[in-house]
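Everything below concerns the one structure shown next.
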Amino acid sequence: MTQDGAPLAPGLYIVATPIGNLGDITIRAAATLAQVETIACEDTRVTGKLLKHLGIAKPLWRYDDHSAPKDRERLIEAMRSKPVALVSDAGMPLVSDPGYRLVIDAKEAGIPVTALPGANAPLTALALSGLPNDRFLFAGFLPNKEKARLDMLEELAPVRTTLIFFETAPRLGKSLAAIAAVMPEREVAVARELTKFYEECRSGTSAELLAHYTANPPKGEIVLLVGPPGEGSETDPAHADAMLQDLLKTEKASKAVAQVAKATGMDRKALYARAMELKGA
C-alpha cells in the first residue's frame with residue numbers, strides 16, 4: 001500500500017537495496033517489495049537472501065546484462081496491469097547495471113516509473129574518503145584494456161572534481177598503476193567492503209596504495225576515488241620537477257612529459273626542455 005493506504009498502482013518501482021548491511025534497507029523499500037507482484041533482479045540468489053531476511057516471498061524474474069529483448073518485453077507487459085519492482089544485487093538500480101533500458105522502454109510505453117532512494121556505494125565511499133565532495137564525477141568502471149584505461153584517465157585528469165570509479169579486487173593493482181602513471185601526485189582512496197564487518201577506507205598516493213595492496217591482496221567490492229588536481233599545481237615548477245624526476249626513473253622523456261603536461265596543464269615544450277636538463281643533471 002502507499003502512504004495513504006491505497007494499493008500500489010501498476011508500473012515500475014525502482015528499489016534501492018543494501019550494499020552490504022541488510023539493516024540498511026529502507027522502510028519504504030521493504031513495504032514496496034512486500035506489495036509488488038513481481039521483482040526483476042540481477043541474481044535471484046542474492047535477492048532471495050534479502051527477501052528471506054525481510055520475510056517476503058515473491059516471484060523473482062532474472063533481468064541482467066545477458067537478458068534477451070523478450071525478457072524486457074515480458075516485464076513491460078506485466079507492468080501494464082501490475083506493480084513490478086526492479087532491484088540490483090546491491091545499491092541503486094541503473095548505476096552500472098542494465099536497468100536503464102527497461103526504464104526507457106517503460107517510459108516509451110507510457111508506464112509510470114517510481115524511484116525509491118536508498119544505499120549507494122559511490123556516495124558512501126565519498127563520505128568516508130575525506131576527499132573534496134562539493135563536486136564529483138562518477139565514471140563507472142575503468143576499461144579492462146591498459147591503453148583504454150590510460151586514455152580514460154588522461155581524459156579525466158584535467159577535470160577539477162573528485163573522480164569515483166567502481167573496481168574489482170583482481171583489477172585494483174592495474175588501475176592504481178595506471179593512476180600512478182597519469183596522476184601520480186593525486187590523493188587516492190580505496191573503499192572496500194562498505195557497510196560490512198571488514199569495511200575499510202584507505203587513503204594515500206596511488207603508489208603507496210599499490211604497494212600496500214600488492215603486499216595485502218584485497219577482497220570484496222571496491223570503490224576507487226581520485227582527488228582533484230591541487231590548486232596552483234599547473235604553475236608550480238617544483239611540483240612539475242618532482243613529477244618529472246619520479247617518472248623519468250621508469251619512462252622515456254617524451255612519455256614522462258606527456259603525463260606531466262596532461263596532469264598539470266603546463267606547456268609540453270617547456271616541460272621537455274626541463275626534462276632534458278634533469279636527465280643531464
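By order of appearance in the C-alpha cells: chains A, B, ..., then residues from 1 within every chain, and ligands from 1 in the order shown.
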### Task
Compile the contact shell of A:Ala90 as a PyMOL selection string: residues with an atom at most 6 Å away, counting only C-alpha atoms, same-chain residues fewer than 3 positions apart removed.
chain A and resi 17-19
Would you mind exporting N, CA and C atoms of the selected residues as an mmCIF file, in the first residue's frame?
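The result, written out as result24.cif:
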```
data_model
loop_
_atom_site.group_PDB
_atom_site.id
_atom_site.type_symbol
_atom_site.label_atom_id
_atom_site.label_comp_id
_atom_site.auth_asym_id
_atom_site.auth_seq_id
_atom_site.Cartn_x
_atom_site.Cartn_y
_atom_site.Cartn_z
ATOM 1 N N THR A 17 18.589 -1.274 -2.809
ATOM 2 C CA THR A 17 18.788 -2.335 -1.818
ATOM 3 C C THR A 17 20.109 -2.113 -1.079
ATOM 4 N N PRO A 18 20.327 -2.775 0.055
ATOM 5 C CA PRO A 18 21.574 -2.585 0.813
ATOM 6 C C PRO A 18 22.811 -2.947 -0.009
ATOM 7 N N ILE A 19 23.921 -2.272 0.270
ATOM 8 C CA ILE A 19 25.178 -2.576 -0.417
ATOM 9 C C ILE A 19 26.021 -3.551 0.387
#
```
How close does stretch 71-147 of chain A get to stretch 172-178 of chain A? List, as a tab-separated table, each residue of stretch 71-147 of chain A within 12 Å, its nearest atom pair and the distance in Å to one decimal, counting only C-alpha atoms.
```
residue	atom	partner	partner_atom	distance
A:Phe141	CA	A:Ser175	CA	10.0
A:Leu142	CA	A:Ser175	CA	7.5
A:Pro143	CA	A:Ser175	CA	9.2
A:Asn144	CA	A:Ser175	CA	9.2
A:Lys145	CA	A:Lys174	CA	9.8
A:Glu146	CA	A:Ala178	CA	7.9
A:Lys147	CA	A:Ala178	CA	9.4
```
### Query
Quick one: of A:Ala207, A:Leu54, A:Ala127, A:Met276, who's nearest to A:Leu225, counting only C-alpha atoms?
A:Ala127
### Query
At what distance in Å, to one decimal, does atom CA of A:Leu116 lie from atom CA of A:Leu75?
18.7 Å
#### Entry: Long-range neighbours of A:Ala106 as a PyMOL selection string, 9 Å cut-off, only C-alpha atoms, 3 positions minimum in chain
chain A and resi 11-12+76+79+101-103+109-113
Just write the chosen residues, N, CA, C and O atoms, as a compact mmCIF listing (two decimals), in the first residue's frame.
```txt
# COMPACT_ATOMS: atom_id res chain seq x y z
N GLY A 11 2.87 -0.41 -12.57
CA GLY A 11 4.00 0.38 -13.02
C GLY A 11 5.31 -0.24 -12.59
O GLY A 11 5.36 -1.36 -12.07
N LEU A 12 6.39 0.51 -12.80
CA LEU A 12 7.74 0.06 -12.45
C LEU A 12 8.22 0.81 -11.21
O LEU A 12 8.17 2.03 -11.15
N ILE A 76 7.67 -5.47 -19.30
CA ILE A 76 6.85 -4.32 -19.70
C ILE A 76 5.38 -4.70 -19.74
O ILE A 76 4.50 -3.96 -19.26
N MET A 79 3.97 -4.89 -16.28
CA MET A 79 3.80 -3.57 -15.64
C MET A 79 2.51 -2.86 -16.05
O MET A 79 2.05 -1.95 -15.37
N ARG A 101 17.74 0.44 -19.77
CA ARG A 101 16.99 0.09 -20.98
C ARG A 101 15.54 -0.23 -20.63
O ARG A 101 14.61 0.13 -21.36
N LEU A 102 15.35 -0.88 -19.49
CA LEU A 102 14.00 -1.21 -19.04
C LEU A 102 13.22 0.07 -18.71
O LEU A 102 12.04 0.19 -19.04
N VAL A 103 13.88 1.03 -18.08
CA VAL A 103 13.23 2.29 -17.74
C VAL A 103 12.85 3.06 -19.01
O VAL A 103 11.75 3.60 -19.12
N ALA A 109 6.46 3.27 -23.27
CA ALA A 109 5.17 2.58 -23.28
C ALA A 109 4.12 3.30 -22.43
O ALA A 109 2.99 2.83 -22.31
N GLY A 110 4.50 4.43 -21.84
CA GLY A 110 3.55 5.19 -21.02
C GLY A 110 3.30 4.59 -19.66
O GLY A 110 2.28 4.89 -19.01
N ILE A 111 4.24 3.77 -19.18
CA ILE A 111 4.10 3.11 -17.88
C ILE A 111 4.71 4.00 -16.79
O ILE A 111 5.84 4.47 -16.94
N PRO A 112 4.01 4.24 -15.69
CA PRO A 112 4.57 5.07 -14.61
C PRO A 112 5.82 4.43 -14.01
O PRO A 112 5.88 3.21 -13.81
N VAL A 113 6.81 5.27 -13.72
CA VAL A 113 8.06 4.81 -13.11
C VAL A 113 8.28 5.57 -11.81
O VAL A 113 8.21 6.80 -11.79
```
#### Entry: Which of stretch 119-151 of chain A fall in helix (DSSP H, G or I), as a ChimeraX atom specification
/A:121-129,146-151
### Query
With only C-alpha atoms as the atoms that count, which of A:Ala215, A:Leu224, A:Ala40, A:Ala180 lies nearest to A:Pro122?
A:Leu224
### Query
Could you pull the residues within 10 Å of stretch 189-206 of chain A, counting only C-alpha atoms, minus those fewer than 5 positions along the same chain, as a PyMOL selection string?
chain A and resi 18-24+119-122+124-126+128-131+164-169+172-173+175-181+183-184+211-213+218-227
Find the residues of stretch 65-135 of chain A that sit at most 12 Å from stretch 28-37 of chain A; for each, write down the nearest two atoms and how far apart they are in Å, to one decimal. Count only C-alpha atoms. Sort by chain, then by number going up, and give it as JSON lines.
```
{"residue": "A:Leu75", "atom": "CA", "partner": "A:Glu37", "partner_atom": "CA", "distance": 11.2}
{"residue": "A:Ala78", "atom": "CA", "partner": "A:Glu37", "partner_atom": "CA", "distance": 9.0}
{"residue": "A:Met79", "atom": "CA", "partner": "A:Glu37", "partner_atom": "CA", "distance": 9.4}
{"residue": "A:Arg80", "atom": "CA", "partner": "A:Glu37", "partner_atom": "CA", "distance": 11.9}
{"residue": "A:Ser81", "atom": "CA", "partner": "A:Glu37", "partner_atom": "CA", "distance": 9.9}
{"residue": "A:Lys82", "atom": "CA", "partner": "A:Glu37", "partner_atom": "CA", "distance": 6.3}
{"residue": "A:Pro83", "atom": "CA", "partner": "A:Val36", "partner_atom": "CA", "distance": 5.0}
{"residue": "A:Val84", "atom": "CA", "partner": "A:Val36", "partner_atom": "CA", "distance": 5.5}
{"residue": "A:Ala85", "atom": "CA", "partner": "A:Val36", "partner_atom": "CA", "distance": 6.4}
{"residue": "A:Leu86", "atom": "CA", "partner": "A:Leu33", "partner_atom": "CA", "distance": 9.4}
{"residue": "A:Val87", "atom": "CA", "partner": "A:Leu33", "partner_atom": "CA", "distance": 9.5}
{"residue": "A:Gly91", "atom": "CA", "partner": "A:Ala29", "partner_atom": "CA", "distance": 11.8}
{"residue": "A:Met92", "atom": "CA", "partner": "A:Ala29", "partner_atom": "CA", "distance": 11.4}
{"residue": "A:Thr114", "atom": "CA", "partner": "A:Thr32", "partner_atom": "CA", "distance": 10.8}
{"residue": "A:Ala115", "atom": "CA", "partner": "A:Ala29", "partner_atom": "CA", "distance": 9.8}
{"residue": "A:Leu116", "atom": "CA", "partner": "A:Ala29", "partner_atom": "CA", "distance": 6.6}
{"residue": "A:Pro117", "atom": "CA", "partner": "A:Ala29", "partner_atom": "CA", "distance": 8.3}
{"residue": "A:Gly118", "atom": "CA", "partner": "A:Ala29", "partner_atom": "CA", "distance": 8.2}
{"residue": "A:Ala119", "atom": "CA", "partner": "A:Ala29", "partner_atom": "CA", "distance": 10.8}
```
From a DSSP calculation on the backbone, collect every residue of stretch 39-158 of chain A in strand (DSSP E) and output the set as a PDB file with all heavy atoms, in the first residue's frame.
```pdb
ATOM      1  N   ILE A  39       9.323  -9.219  -8.857  1.00  0.00           N
ATOM      2  CA  ILE A  39      10.570  -8.479  -8.666  1.00  0.00           C
ATOM      3  C   ILE A  39      11.572  -8.901  -9.732  1.00  0.00           C
ATOM      4  O   ILE A  39      11.911 -10.082  -9.843  1.00  0.00           O
ATOM      5  CB  ILE A  39      11.169  -8.716  -7.270  1.00  0.00           C
ATOM      6  CG1 ILE A  39      10.178  -8.272  -6.187  1.00  0.00           C
ATOM      7  CG2 ILE A  39      12.498  -7.981  -7.120  1.00  0.00           C
ATOM      8  CD1 ILE A  39      10.605  -8.630  -4.777  1.00  0.00           C
ATOM      9  N   ALA A  40      12.035  -7.944 -10.522  1.00  0.00           N
ATOM     10  CA  ALA A  40      13.083  -8.198 -11.507  1.00  0.00           C
ATOM     11  C   ALA A  40      14.424  -7.948 -10.832  1.00  0.00           C
ATOM     12  O   ALA A  40      14.625  -6.907 -10.203  1.00  0.00           O
ATOM     13  CB  ALA A  40      12.910  -7.278 -12.712  1.00  0.00           C
ATOM     14  N   CYS A  41      15.368  -8.891 -10.969  1.00  0.00           N
ATOM     15  CA  CYS A  41      16.641  -8.779 -10.246  1.00  0.00           C
ATOM     16  C   CYS A  41      17.791  -9.343 -11.069  1.00  0.00           C
ATOM     17  O   CYS A  41      17.579 -10.130 -11.992  1.00  0.00           O
ATOM     18  CB  CYS A  41      16.548  -9.504  -8.907  1.00  0.00           C
ATOM     19  SG  CYS A  41      16.144 -11.265  -9.033  1.00  0.00           S
ATOM     20  N   LEU A  60      10.489 -14.087  -8.572  1.00  0.00           N
ATOM     21  CA  LEU A  60      11.685 -13.360  -8.997  1.00  0.00           C
ATOM     22  C   LEU A  60      11.951 -13.641 -10.475  1.00  0.00           C
ATOM     23  O   LEU A  60      12.046 -14.803 -10.879  1.00  0.00           O
ATOM     24  CB  LEU A  60      12.898 -13.779  -8.162  1.00  0.00           C
ATOM     25  CG  LEU A  60      12.813 -13.513  -6.652  1.00  0.00           C
ATOM     26  CD1 LEU A  60      14.075 -14.024  -5.960  1.00  0.00           C
ATOM     27  CD2 LEU A  60      12.624 -12.032  -6.369  1.00  0.00           C
ATOM     28  N   TRP A  61      12.058 -12.595 -11.261  1.00  0.00           N
ATOM     29  CA  TRP A  61      12.375 -12.715 -12.675  1.00  0.00           C
ATOM     30  C   TRP A  61      13.782 -12.180 -12.900  1.00  0.00           C
ATOM     31  O   TRP A  61      14.069 -11.034 -12.554  1.00  0.00           O
ATOM     32  CB  TRP A  61      11.394 -11.926 -13.534  1.00  0.00           C
ATOM     33  CG  TRP A  61      10.003 -12.485 -13.541  1.00  0.00           C
ATOM     34  CD1 TRP A  61       9.556 -13.572 -12.839  1.00  0.00           C
ATOM     35  CD2 TRP A  61       8.886 -11.977 -14.261  1.00  0.00           C
ATOM     36  NE1 TRP A  61       8.225 -13.781 -13.081  1.00  0.00           N
ATOM     37  CE2 TRP A  61       7.781 -12.816 -13.960  1.00  0.00           C
ATOM     38  CE3 TRP A  61       8.696 -10.905 -15.128  1.00  0.00           C
ATOM     39  CZ2 TRP A  61       6.519 -12.613 -14.497  1.00  0.00           C
ATOM     40  CZ3 TRP A  61       7.438 -10.703 -15.678  1.00  0.00           C
ATOM     41  CH2 TRP A  61       6.364 -11.547 -15.370  1.00  0.00           C
ATOM     42  N   ARG A  62      14.644 -13.010 -13.448  1.00  0.00           N
ATOM     43  CA  ARG A  62      16.026 -12.574 -13.665  1.00  0.00           C
ATOM     44  C   ARG A  62      16.088 -11.555 -14.803  1.00  0.00           C
ATOM     45  O   ARG A  62      15.525 -11.765 -15.872  1.00  0.00           O
ATOM     46  CB  ARG A  62      16.917 -13.773 -13.984  1.00  0.00           C
ATOM     47  CG  ARG A  62      18.385 -13.401 -14.092  1.00  0.00           C
ATOM     48  CD  ARG A  62      19.279 -14.576 -13.847  1.00  0.00           C
ATOM     49  NE  ARG A  62      20.682 -14.157 -13.741  1.00  0.00           N
ATOM     50  CZ  ARG A  62      21.612 -14.861 -13.161  1.00  0.00           C
ATOM     51  NH1 ARG A  62      21.317 -16.013 -12.601  1.00  0.00           N
ATOM     52  NH2 ARG A  62      22.855 -14.419 -13.117  1.00  0.00           N
ATOM     53  N   PRO A  83       2.030  -3.890 -10.297  1.00  0.00           N
ATOM     54  CA  PRO A  83       3.240  -3.213  -9.826  1.00  0.00           C
ATOM     55  C   PRO A  83       4.425  -4.179  -9.878  1.00  0.00           C
ATOM     56  O   PRO A  83       4.351  -5.297  -9.354  1.00  0.00           O
ATOM     57  CB  PRO A  83       2.897  -2.815  -8.389  1.00  0.00           C
ATOM     58  CG  PRO A  83       1.867  -3.799  -7.953  1.00  0.00           C
ATOM     59  CD  PRO A  83       1.103  -4.198  -9.185  1.00  0.00           C
ATOM     60  N   VAL A  84       5.513  -3.768 -10.510  1.00  0.00           N
ATOM     61  CA  VAL A  84       6.703  -4.596 -10.674  1.00  0.00           C
ATOM     62  C   VAL A  84       7.907  -3.830 -10.124  1.00  0.00           C
ATOM     63  O   VAL A  84       8.099  -2.651 -10.439  1.00  0.00           O
ATOM     64  CB  VAL A  84       6.942  -4.944 -12.162  1.00  0.00           C
ATOM     65  CG1 VAL A  84       8.251  -5.713 -12.332  1.00  0.00           C
ATOM     66  CG2 VAL A  84       5.777  -5.751 -12.716  1.00  0.00           C
ATOM     67  N   ALA A  85       8.709  -4.488  -9.310  1.00  0.00           N
ATOM     68  CA  ALA A  85       9.908  -3.854  -8.749  1.00  0.00           C
ATOM     69  C   ALA A  85      11.143  -4.251  -9.547  1.00  0.00           C
ATOM     70  O   ALA A  85      11.243  -5.367 -10.056  1.00  0.00           O
ATOM     71  CB  ALA A  85      10.091  -4.244  -7.288  1.00  0.00           C
ATOM     72  N   LEU A  86      12.077  -3.332  -9.645  1.00  0.00           N
ATOM     73  CA  LEU A  86      13.396  -3.602 -10.221  1.00  0.00           C
ATOM     74  C   LEU A  86      14.436  -3.360  -9.137  1.00  0.00           C
ATOM     75  O   LEU A  86      14.482  -2.276  -8.540  1.00  0.00           O
ATOM     76  CB  LEU A  86      13.669  -2.679 -11.413  1.00  0.00           C
ATOM     77  CG  LEU A  86      15.099  -2.724 -11.963  1.00  0.00           C
ATOM     78  CD1 LEU A  86      15.385  -4.073 -12.618  1.00  0.00           C
ATOM     79  CD2 LEU A  86      15.331  -1.582 -12.964  1.00  0.00           C
ATOM     80  N   VAL A 113       6.806   5.268 -13.720  1.00  0.00           N
ATOM     81  CA  VAL A 113       8.061   4.805 -13.114  1.00  0.00           C
ATOM     82  C   VAL A 113       8.279   5.575 -11.813  1.00  0.00           C
ATOM     83  O   VAL A 113       8.211   6.801 -11.786  1.00  0.00           O
ATOM     84  CB  VAL A 113       9.261   5.031 -14.059  1.00  0.00           C
ATOM     85  CG1 VAL A 113      10.564   4.593 -13.385  1.00  0.00           C
ATOM     86  CG2 VAL A 113       9.051   4.281 -15.371  1.00  0.00           C
ATOM     87  N   THR A 114       8.539   4.841 -10.734  1.00  0.00           N
ATOM     88  CA  THR A 114       8.780   5.440  -9.421  1.00  0.00           C
ATOM     89  C   THR A 114      10.129   4.955  -8.904  1.00  0.00           C
ATOM     90  O   THR A 114      10.429   3.764  -8.972  1.00  0.00           O
ATOM     91  CB  THR A 114       7.683   5.026  -8.419  1.00  0.00           C
ATOM     92  OG1 THR A 114       6.404   5.435  -8.930  1.00  0.00           O
ATOM     93  CG2 THR A 114       7.915   5.671  -7.059  1.00  0.00           C
ATOM     94  N   ALA A 115      10.954   5.876  -8.397  1.00  0.00           N
ATOM     95  CA  ALA A 115      12.258   5.510  -7.845  1.00  0.00           C
ATOM     96  C   ALA A 115      12.257   5.684  -6.335  1.00  0.00           C
ATOM     97  O   ALA A 115      11.819   6.711  -5.821  1.00  0.00           O
ATOM     98  CB  ALA A 115      13.361   6.359  -8.461  1.00  0.00           C
ATOM     99  N   LEU A 116      12.740   4.659  -5.617  1.00  0.00           N
ATOM    100  CA  LEU A 116      12.841   4.697  -4.156  1.00  0.00           C
ATOM    101  C   LEU A 116      14.319   4.784  -3.789  1.00  0.00           C
ATOM    102  O   LEU A 116      15.065   3.836  -4.016  1.00  0.00           O
ATOM    103  CB  LEU A 116      12.226   3.438  -3.532  1.00  0.00           C
ATOM    104  CG  LEU A 116      10.699   3.341  -3.476  1.00  0.00           C
ATOM    105  CD1 LEU A 116      10.092   3.227  -4.872  1.00  0.00           C
ATOM    106  CD2 LEU A 116      10.281   2.149  -2.635  1.00  0.00           C
ATOM    107  N   PHE A 136      31.857  16.155  -7.776  1.00  0.00           N
ATOM    108  CA  PHE A 136      32.432  14.836  -8.022  1.00  0.00           C
ATOM    109  C   PHE A 136      31.861  14.274  -9.312  1.00  0.00           C
ATOM    110  O   PHE A 136      30.798  14.683  -9.784  1.00  0.00           O
ATOM    111  CB  PHE A 136      32.169  13.879  -6.857  1.00  0.00           C
ATOM    112  CG  PHE A 136      30.721  13.699  -6.509  1.00  0.00           C
ATOM    113  CD1 PHE A 136      29.946  12.714  -7.110  1.00  0.00           C
ATOM    114  CD2 PHE A 136      30.116  14.520  -5.559  1.00  0.00           C
ATOM    115  CE1 PHE A 136      28.616  12.550  -6.787  1.00  0.00           C
ATOM    116  CE2 PHE A 136      28.785  14.369  -5.226  1.00  0.00           C
ATOM    117  CZ  PHE A 136      28.031  13.377  -5.838  1.00  0.00           C
ATOM    118  N   LEU A 137      32.603  13.328  -9.888  1.00  0.00           N
ATOM    119  CA  LEU A 137      32.202  12.705 -11.141  1.00  0.00           C
ATOM    120  C   LEU A 137      32.285  11.193 -10.981  1.00  0.00           C
ATOM    121  O   LEU A 137      33.352  10.656 -10.693  1.00  0.00           O
ATOM    122  CB  LEU A 137      33.119  13.166 -12.282  1.00  0.00           C
ATOM    123  CG  LEU A 137      32.748  12.762 -13.709  1.00  0.00           C
ATOM    124  CD1 LEU A 137      33.361  13.742 -14.706  1.00  0.00           C
ATOM    125  CD2 LEU A 137      33.195  11.346 -14.058  1.00  0.00           C
ATOM    126  N   PHE A 138      31.153  10.515 -11.151  1.00  0.00           N
ATOM    127  CA  PHE A 138      31.140   9.060 -11.110  1.00  0.00           C
ATOM    128  C   PHE A 138      31.328   8.554 -12.533  1.00  0.00           C
ATOM    129  O   PHE A 138      30.555   8.889 -13.427  1.00  0.00           O
ATOM    130  CB  PHE A 138      29.826   8.540 -10.536  1.00  0.00           C
ATOM    131  CG  PHE A 138      29.693   7.045 -10.618  1.00  0.00           C
ATOM    132  CD1 PHE A 138      30.498   6.227  -9.853  1.00  0.00           C
ATOM    133  CD2 PHE A 138      28.785   6.460 -11.489  1.00  0.00           C
ATOM    134  CE1 PHE A 138      30.402   4.842  -9.938  1.00  0.00           C
ATOM    135  CE2 PHE A 138      28.671   5.080 -11.585  1.00  0.00           C
ATOM    136  CZ  PHE A 138      29.474   4.267 -10.804  1.00  0.00           C
ATOM    137  N   ALA A 139      32.368   7.747 -12.761  1.00  0.00           N
ATOM    138  CA  ALA A 139      32.724   7.315 -14.112  1.00  0.00           C
ATOM    139  C   ALA A 139      32.595   5.804 -14.311  1.00  0.00           C
ATOM    140  O   ALA A 139      33.145   5.256 -15.268  1.00  0.00           O
ATOM    141  CB  ALA A 139      34.144   7.761 -14.443  1.00  0.00           C
ATOM    142  N   GLY A 140      31.877   5.113 -13.421  1.00  0.00           N
ATOM    143  CA  GLY A 140      31.663   3.682 -13.596  1.00  0.00           C
ATOM    144  C   GLY A 140      32.946   2.885 -13.446  1.00  0.00           C
ATOM    145  O   GLY A 140      33.809   3.208 -12.623  1.00  0.00           O
ATOM    146  N   PHE A 141      33.092   1.848 -14.255  1.00  0.00           N
ATOM    147  CA  PHE A 141      34.296   1.013 -14.221  1.00  0.00           C
ATOM    148  C   PHE A 141      35.333   1.537 -15.209  1.00  0.00           C
ATOM    149  O   PHE A 141      34.988   1.953 -16.321  1.00  0.00           O
ATOM    150  CB  PHE A 141      33.956  -0.436 -14.600  1.00  0.00           C
ATOM    151  CG  PHE A 141      33.268  -1.216 -13.528  1.00  0.00           C
ATOM    152  CD1 PHE A 141      31.881  -1.258 -13.467  1.00  0.00           C
ATOM    153  CD2 PHE A 141      33.997  -1.924 -12.574  1.00  0.00           C
ATOM    154  CE1 PHE A 141      31.234  -1.982 -12.479  1.00  0.00           C
ATOM    155  CE2 PHE A 141      33.355  -2.648 -11.586  1.00  0.00           C
ATOM    156  CZ  PHE A 141      31.981  -2.681 -11.536  1.00  0.00           C
TER     157      PHE A 141
END
```
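Coordinates place atom CA of A:Glu155 at a distance of 21.6 Å from atom CA of A:Asp246.
Contact shell of A:Arg268 at 12 Å (only C-alpha atoms; same-chain neighbours under 6 positions omitted): Ala240, Leu244, Ala253, Ser254, Lys255, Ala256, Val257, Ala258, Gln259, Val260, Ala261, Lys262, Arg274 and Ala275 of chain A.
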Requested write-out: C-alpha atoms of the selected residues, as a PDB file, in the first residue's frame:
```
ATOM      1  CA  ALA A 240      56.462  19.670 -12.057  1.00  0.00           C
ATOM      2  CA  LEU A 244      59.259  14.570 -13.933  1.00  0.00           C
ATOM      3  CA  ALA A 253      61.333  11.588 -21.541  1.00  0.00           C
ATOM      4  CA  SER A 254      58.565  12.013 -24.135  1.00  0.00           C
ATOM      5  CA  LYS A 255      56.157   9.825 -22.196  1.00  0.00           C
ATOM      6  CA  ALA A 256      57.032  11.437 -18.854  1.00  0.00           C
ATOM      7  CA  VAL A 257      56.484  14.899 -20.336  1.00  0.00           C
ATOM      8  CA  ALA A 258      53.139  13.890 -21.843  1.00  0.00           C
ATOM      9  CA  GLN A 259      51.897  12.627 -18.485  1.00  0.00           C
ATOM     10  CA  VAL A 260      53.028  15.716 -16.565  1.00  0.00           C
ATOM     11  CA  ALA A 261      51.532  18.040 -19.185  1.00  0.00           C
ATOM     12  CA  LYS A 262      48.237  16.181 -19.001  1.00  0.00           C
ATOM     13  CA  ARG A 274      63.247  20.808 -18.308  1.00  0.00           C
ATOM     14  CA  ALA A 275      63.242  17.006 -18.596  1.00  0.00           C
TER      15      ALA A 275
END
```
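Using only C-alpha atoms, the shortest contact distance between A:Thr161 and any of A:Glu277, A:Gly230, A:Arg45, A:Asp89 is found at A:Gly230.
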